[in-house]
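I have placed the structure first, in the form of structure tokens, so that the comments after it can refer back to it.
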Amino acid sequence: MSELSMRAEKLDSVDELAGKRAEFVTDDVVYLDGNSLGALPAVVPGRVADVVRRQWGELRIRSWEESGWWTAPERIGDRIAPLVGAAPGQIVVGDSTSVNVFKALVGAVRMAGEGRDEIVVDATTFPTDGYIAESAARMTGCTLRPVAPADVPDALGRRTAAVLLNHVDYRTGRLHDLPGLTDAVHAAGAYVVWDLCHSAGALPVGLDAHGVDLAVGCTYKYLNGGPGSPAYLYVRRELQDRFDSPLPGWNSHAEPFGMRTGYEPAAGAVRGRVGTPDILSMLALEAALEVWDGVSVEAVRAKSLALTDFFLECVAAYVPEGRVECLTPVAHAERGSQIALRCADAGDVMKRLIEQGVVGDFRAPDVLRFGFTPLYVGFADVERAARVLAGTLS
């Protein structure tokens, strides 16, 4: 047994989150792709079976009230709230991340008002966010300005209406300065929308503490909600009475069952709803969130940094020099919960890793991406992944 493998065993033996692994459906595969799709929490299959067989099969329409279907978007939003540093009543769950980005961005421009006709977007953003931003700009008559996150403060001005940023870069795992950039946007008199897809459930966000205006995120990565699980929209309490969604629906109406022809938005975060909630996937998410009971985001962050530090140490020790290049910042303040390695023939390398029981993912043209989900990834997993990578590249 190597020195690193012995260290991994010791680290696992004192890991305060190690017991959480039993709450997931796992096997002997090293699963380092939770930043794309989280593992299945063990409680979910039984809960979904109850939703289908009893709530839908027996109670049927009564479940909108008796099983709490109608209030699920806000109730589950309040379960997510502590994970992103938000007080209750500011998050509503539903629709996709893309749809919520559109709602938030157009809503931000509308709040900014006349004279502000520019949208700044993270130039390194996930493609869909960029597509949505371009469409939102056309719809609102704004100019779209792609800017690297580090350059955003210098790009802001009197014309800036809204700024759309990613908390963590999906390719490299770089963690951007949410507090500092939020302050810069506010100093310019604009509104900020943060995409939390690669940070929520992996590290502290502090939406309320840092005065974030609007935020969106998915739930199928570090929150383990399942494939296609609904996304969420955060609207800061002080802005809720001014938030004008571009997608008003009967679910966000002040009197949804009044069936009036005129639209009057509901009070609070409810105005972020649109149509009928996707109950099956929403209640699967609610069950999945139970794995967070008794877990602090700070403990998750501490383990995440320890895992990624240890992985980089193992890669340096095992992988032949010059075969990979780390694209993820070494500094903790600039690192999310993933490691991206540039590697020749990365697509073929990842295929061989998966064949050997180490699952990460490939991002064109040359990036191996490994996500570290502290609730079910251990230090022995990390050491094994680096060792298999080294064997694959030798």
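By order of appearance in the structure tokens: chains A, B, ..., then residues from 1 within every chain, and ligands from 1 in the order shown.
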Which residues, written as a ChimeraX atom specification, have at least one atom at most 9 Å from A:Glu298, with only C-alpha atoms counted and residues fewer than 4 positions away on the same chain left out? /A:203-204,302-303
Which residues, written as a list of chain:residue names, have at least one atom at most 7 Å from A:Gly336, with only C-alpha atoms counted and residues fewer than 6 positions away on the same chain left out?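 Close residues of A:Gly336: A:Val168, A:Gly173, A:Arg174, A:Leu175, A:Ser199.
Restricting the calculation to only C-alpha atoms, the smallest distance between A:Asp244 and any of A:Cys142, A:Ala269, A:Leu223, A:Val377 is found for A:Ala269.
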Near-A:Asp183 list (12 Å; only C-alpha atoms; drop same-chain fewer than 2 positions) as a short mmCIF file (atom, residue, chain, number, x, y, z; two decimals) with C-alpha atoms, in the first residue's frame:
```cif
data_model
loop_
_atom_site.label_atom_id
_atom_site.label_comp_id
_atom_site.auth_asym_id
_atom_site.auth_seq_id
_atom_site.Cartn_x
_atom_site.Cartn_y
_atom_site.Cartn_z
CA VAL A 152 -16.81 43.38 -15.30
CA PRO A 153 -16.16 46.26 -12.82
CA LEU A 156 -20.04 48.91 -15.98
CA VAL A 163 -25.30 41.69 -15.36
CA ASP A 177 -15.89 36.79 -6.57
CA LEU A 178 -19.61 36.99 -5.88
CA PRO A 179 -19.41 39.59 -3.08
CA GLY A 180 -17.02 41.88 -4.93
CA LEU A 181 -18.76 41.69 -8.29
CA VAL A 185 -22.76 46.07 -10.10
CA HIS A 186 -24.70 47.84 -7.37
CA ALA A 187 -22.25 50.74 -7.34
CA ALA A 188 -23.06 51.23 -11.02
CA GLY A 189 -26.79 51.29 -10.25
CA ALA A 190 -27.49 48.00 -12.05
CA TYR A 191 -28.91 44.62 -11.04
CA VAL A 192 -27.03 41.34 -10.88
CA ALA A 209 -25.50 38.47 3.18
CA HIS A 210 -24.07 39.85 -0.07
CA GLY A 211 -27.24 41.58 -1.27
CA VAL A 212 -27.64 39.55 -4.46
CA ASP A 213 -30.64 40.72 -6.48
#
```
Interatomic distance (Å, one decimal) between atom CA of A:Ala364 and atom CA of A:Ala344: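 It comes out at 10.9 Å.
From atom CA of A:Ala133 back to atom CA of A:Arg116, the distance works out to 15.5 Å.
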Ranking A:Val359, A:Val52, A:Val300, A:Ile61 by minimum distance to A:Gly201 and counting only C-alpha atoms, which one comes first?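 The closest residue to A:Gly201 is A:Val300.
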Write out as a list of chain:residue names each polymer residue whose atoms come within 12 Å of A:Glu3, counting only C-alpha atoms; drop sequence neighbours fewer than 3 positions from it.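 My reading of the contact set: A:Met6, A:Arg7, A:Ala8, A:Glu9, A:Lys10, A:Glu313, A:Cys314, A:Ala317, A:Tyr318, A:Ala380, A:Glu383.
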List the neighbours of A:Gln240 out to 12 Å using only C-alpha atoms; skip same-chain residues closer than 2 positions along the sequence, and give me the result as a compact mmCIF listing (two decimals) with all heavy atoms, in the first residue's frame.
```txt
# COMPACT_ATOMS: atom_id res chain seq x y z
N GLY A 89 -38.91 32.28 1.96
CA GLY A 89 -39.79 33.18 1.25
C GLY A 89 -39.19 33.90 0.07
O GLY A 89 -39.80 34.84 -0.46
N GLN A 90 -38.01 33.48 -0.39
CA GLN A 90 -37.35 34.18 -1.49
C GLN A 90 -37.02 33.27 -2.67
O GLN A 90 -36.52 33.75 -3.70
CB GLN A 90 -36.06 34.85 -1.00
CG GLN A 90 -36.29 35.88 0.10
CD GLN A 90 -34.99 36.43 0.64
OE1 GLN A 90 -34.57 37.53 0.29
NE2 GLN A 90 -34.34 35.67 1.50
N ILE A 91 -37.28 31.98 -2.53
CA ILE A 91 -36.95 31.04 -3.60
C ILE A 91 -38.19 30.25 -3.99
O ILE A 91 -38.92 29.74 -3.13
CB ILE A 91 -35.84 30.06 -3.16
CG1 ILE A 91 -34.52 30.81 -2.95
CG2 ILE A 91 -35.65 28.95 -4.19
CD1 ILE A 91 -33.38 29.94 -2.49
N VAL A 92 -38.42 30.16 -5.28
CA VAL A 92 -39.50 29.33 -5.80
C VAL A 92 -38.88 28.31 -6.76
O VAL A 92 -37.98 28.64 -7.54
CB VAL A 92 -40.57 30.19 -6.51
CG1 VAL A 92 -40.01 30.90 -7.73
CG2 VAL A 92 -41.79 29.36 -6.87
N ALA A 104 -35.33 36.05 -14.80
CA ALA A 104 -34.52 36.92 -13.95
C ALA A 104 -33.89 38.06 -14.74
O ALA A 104 -33.89 39.21 -14.29
CB ALA A 104 -33.44 36.10 -13.25
N GLY A 107 -36.55 40.47 -15.98
CA GLY A 107 -37.06 41.16 -14.80
C GLY A 107 -36.09 42.21 -14.29
O GLY A 107 -36.50 43.31 -13.87
N ALA A 108 -34.79 41.90 -14.34
CA ALA A 108 -33.77 42.86 -13.90
C ALA A 108 -33.75 44.08 -14.79
O ALA A 108 -33.65 45.23 -14.31
CB ALA A 108 -32.41 42.18 -13.88
N MET A 111 -36.65 46.33 -14.02
CA MET A 111 -36.47 47.09 -12.78
C MET A 111 -35.49 48.24 -12.99
O MET A 111 -35.62 49.30 -12.35
CB MET A 111 -35.98 46.17 -11.66
CG MET A 111 -37.05 45.24 -11.12
SD MET A 111 -36.57 44.37 -9.61
CE MET A 111 -35.30 43.27 -10.23
N ASP A 213 -29.30 40.33 -6.04
CA ASP A 213 -30.64 40.72 -6.48
C ASP A 213 -31.46 39.50 -6.89
O ASP A 213 -32.56 39.27 -6.36
CB ASP A 213 -30.55 41.69 -7.65
CG ASP A 213 -29.78 42.95 -7.28
OD1 ASP A 213 -30.09 43.54 -6.23
OD2 ASP A 213 -28.86 43.33 -8.04
N LEU A 214 -30.94 38.77 -7.86
CA LEU A 214 -31.63 37.60 -8.39
C LEU A 214 -30.62 36.48 -8.62
O LEU A 214 -29.44 36.75 -8.92
CB LEU A 214 -32.34 37.93 -9.70
CG LEU A 214 -33.37 39.06 -9.63
CD1 LEU A 214 -33.05 40.11 -10.70
CD2 LEU A 214 -34.77 38.54 -9.83
N LEU A 233 -35.58 29.85 -8.67
CA LEU A 233 -35.39 31.28 -8.88
C LEU A 233 -35.41 31.98 -7.52
O LEU A 233 -36.33 31.77 -6.72
CB LEU A 233 -36.52 31.84 -9.75
CG LEU A 233 -36.63 33.36 -9.88
CD1 LEU A 233 -35.43 33.92 -10.64
CD2 LEU A 233 -37.93 33.74 -10.58
N TYR A 234 -34.38 32.77 -7.26
CA TYR A 234 -34.29 33.57 -6.04
C TYR A 234 -34.55 35.03 -6.40
O TYR A 234 -33.93 35.57 -7.33
CB TYR A 234 -32.89 33.44 -5.43
CG TYR A 234 -32.52 34.47 -4.38
CD1 TYR A 234 -32.80 34.26 -3.04
CD2 TYR A 234 -31.87 35.65 -4.74
CE1 TYR A 234 -32.44 35.21 -2.07
CE2 TYR A 234 -31.49 36.60 -3.79
CZ TYR A 234 -31.79 36.37 -2.45
OH TYR A 234 -31.42 37.30 -1.51
N VAL A 235 -35.46 35.66 -5.67
CA VAL A 235 -35.72 37.09 -5.82
C VAL A 235 -35.59 37.71 -4.43
O VAL A 235 -36.35 37.36 -3.52
CB VAL A 235 -37.12 37.37 -6.39
CG1 VAL A 235 -37.32 38.88 -6.58
CG2 VAL A 235 -37.34 36.64 -7.71
N ARG A 236 -34.63 38.60 -4.27
CA ARG A 236 -34.41 39.23 -2.98
C ARG A 236 -35.69 39.89 -2.48
O ARG A 236 -36.41 40.54 -3.23
CB ARG A 236 -33.28 40.26 -3.09
CG ARG A 236 -32.94 40.96 -1.78
CD ARG A 236 -31.52 41.51 -1.80
NE ARG A 236 -31.25 42.40 -2.91
CZ ARG A 236 -31.43 43.72 -2.88
NH1 ARG A 236 -31.89 44.30 -1.80
NH2 ARG A 236 -31.13 44.45 -3.95
N ARG A 237 -35.96 39.70 -1.20
CA ARG A 237 -37.24 40.13 -0.63
C ARG A 237 -37.56 41.59 -0.95
O ARG A 237 -38.70 41.94 -1.27
CB ARG A 237 -37.21 39.92 0.89
CG ARG A 237 -38.60 40.06 1.54
CD ARG A 237 -38.54 39.81 3.03
NE ARG A 237 -37.86 38.60 3.39
CZ ARG A 237 -38.40 37.38 3.34
NH1 ARG A 237 -39.65 37.25 2.91
NH2 ARG A 237 -37.70 36.32 3.69
N GLU A 238 -36.56 42.46 -0.86
CA GLU A 238 -36.79 43.88 -1.09
C GLU A 238 -37.19 44.20 -2.52
O GLU A 238 -37.71 45.29 -2.80
CB GLU A 238 -35.55 44.69 -0.72
CG GLU A 238 -35.19 44.67 0.76
CD GLU A 238 -34.43 43.42 1.18
OE1 GLU A 238 -34.19 42.54 0.33
OE2 GLU A 238 -34.09 43.32 2.37
N ARG A 242 -41.41 44.57 -6.97
CA ARG A 242 -41.06 45.24 -8.23
C ARG A 242 -40.73 44.24 -9.34
O ARG A 242 -40.62 44.64 -10.51
CB ARG A 242 -39.86 46.16 -8.02
CG ARG A 242 -40.12 47.30 -7.04
CD ARG A 242 -38.83 48.07 -6.78
NE ARG A 242 -38.23 48.50 -8.05
CZ ARG A 242 -36.92 48.71 -8.22
NH1 ARG A 242 -36.09 48.52 -7.20
NH2 ARG A 242 -36.46 49.12 -9.37
N PHE A 243 -40.57 42.99 -8.97
CA PHE A 243 -40.18 41.98 -9.97
C PHE A 243 -41.32 41.74 -10.94
O PHE A 243 -42.41 41.31 -10.57
CB PHE A 243 -39.79 40.68 -9.27
CG PHE A 243 -39.41 39.58 -10.22
CD1 PHE A 243 -38.26 39.68 -11.00
CD2 PHE A 243 -40.21 38.45 -10.36
CE1 PHE A 243 -37.91 38.67 -11.89
CE2 PHE A 243 -39.86 37.43 -11.24
CZ PHE A 243 -38.71 37.54 -12.00
N ASP A 244 -41.06 42.02 -12.21
CA ASP A 244 -42.06 41.92 -13.27
C ASP A 244 -41.63 40.80 -14.21
O ASP A 244 -40.84 41.01 -15.13
CB ASP A 244 -42.15 43.26 -14.00
CG ASP A 244 -43.19 43.26 -15.11
OD1 ASP A 244 -43.96 42.29 -15.21
OD2 ASP A 244 -43.22 44.24 -15.88
N SER A 245 -42.15 39.61 -13.99
CA SER A 245 -41.74 38.46 -14.78
C SER A 245 -42.22 38.56 -16.22
O SER A 245 -43.38 38.94 -16.47
CB SER A 245 -42.29 37.17 -14.16
OG SER A 245 -42.02 36.06 -15.00
N PRO A 265 -50.06 40.08 -10.42
CA PRO A 265 -49.08 39.17 -9.83
C PRO A 265 -49.31 38.93 -8.35
O PRO A 265 -49.74 39.82 -7.62
CB PRO A 265 -47.75 39.89 -10.08
CG PRO A 265 -48.11 41.33 -10.18
CD PRO A 265 -49.46 41.36 -10.82
N ALA A 266 -49.01 37.72 -7.93
CA ALA A 266 -49.09 37.38 -6.52
C ALA A 266 -47.99 38.11 -5.76
O ALA A 266 -47.03 38.61 -6.33
CB ALA A 266 -48.93 35.87 -6.34
N ALA A 267 -48.13 38.15 -4.45
CA ALA A 267 -47.10 38.76 -3.62
C ALA A 267 -45.97 37.77 -3.39
O ALA A 267 -46.17 36.56 -3.40
CB ALA A 267 -47.71 39.20 -2.29
N GLY A 268 -44.77 38.29 -3.18
CA GLY A 268 -43.63 37.45 -2.81
C GLY A 268 -43.04 36.67 -3.96
O GLY A 268 -43.28 36.94 -5.14
N ALA A 269 -42.27 35.64 -3.59
CA ALA A 269 -41.56 34.83 -4.59
C ALA A 269 -42.50 34.06 -5.49
O ALA A 269 -42.10 33.60 -6.56
CB ALA A 269 -40.60 33.86 -3.89
N VAL A 270 -43.77 33.91 -5.07
CA VAL A 270 -44.75 33.17 -5.86
C VAL A 270 -44.87 33.74 -7.27
O VAL A 270 -45.17 33.02 -8.22
CB VAL A 270 -46.13 33.18 -5.15
CG1 VAL A 270 -47.18 32.49 -6.02
CG2 VAL A 270 -46.03 32.48 -3.81
N ARG A 271 -44.61 35.03 -7.43
CA ARG A 271 -44.74 35.62 -8.76
C ARG A 271 -43.69 35.09 -9.73
O ARG A 271 -43.75 35.37 -10.93
CB ARG A 271 -44.72 37.14 -8.71
CG ARG A 271 -43.44 37.77 -8.22
CD ARG A 271 -43.52 39.30 -8.28
NE ARG A 271 -44.64 39.82 -7.52
CZ ARG A 271 -45.07 41.08 -7.58
NH1 ARG A 271 -44.45 41.96 -8.36
NH2 ARG A 271 -46.10 41.49 -6.86
N GLY A 272 -42.76 34.29 -9.25
CA GLY A 272 -41.80 33.63 -10.14
C GLY A 272 -42.33 32.35 -10.74
O GLY A 272 -41.70 31.76 -11.62
```
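Proximity to A:Asp208 was assessed for A:Val84, A:Val297, A:Leu32, A:Val121 counting only C-alpha atoms; the smallest distance is recorded for A:Val84.
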Quote the spacing between atom CA of A:Gly378 and atom CA of A:Asp345 in Å to one decimal place.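 Between these atoms lies a distance of 27.6 Å.
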How would you write, as a PyMOL selection string, the set of residues in stretch 191-245 of chain A that DSSP gives as strand (DSSP E or B)? chain A and resi 191-195+214-217+232-235
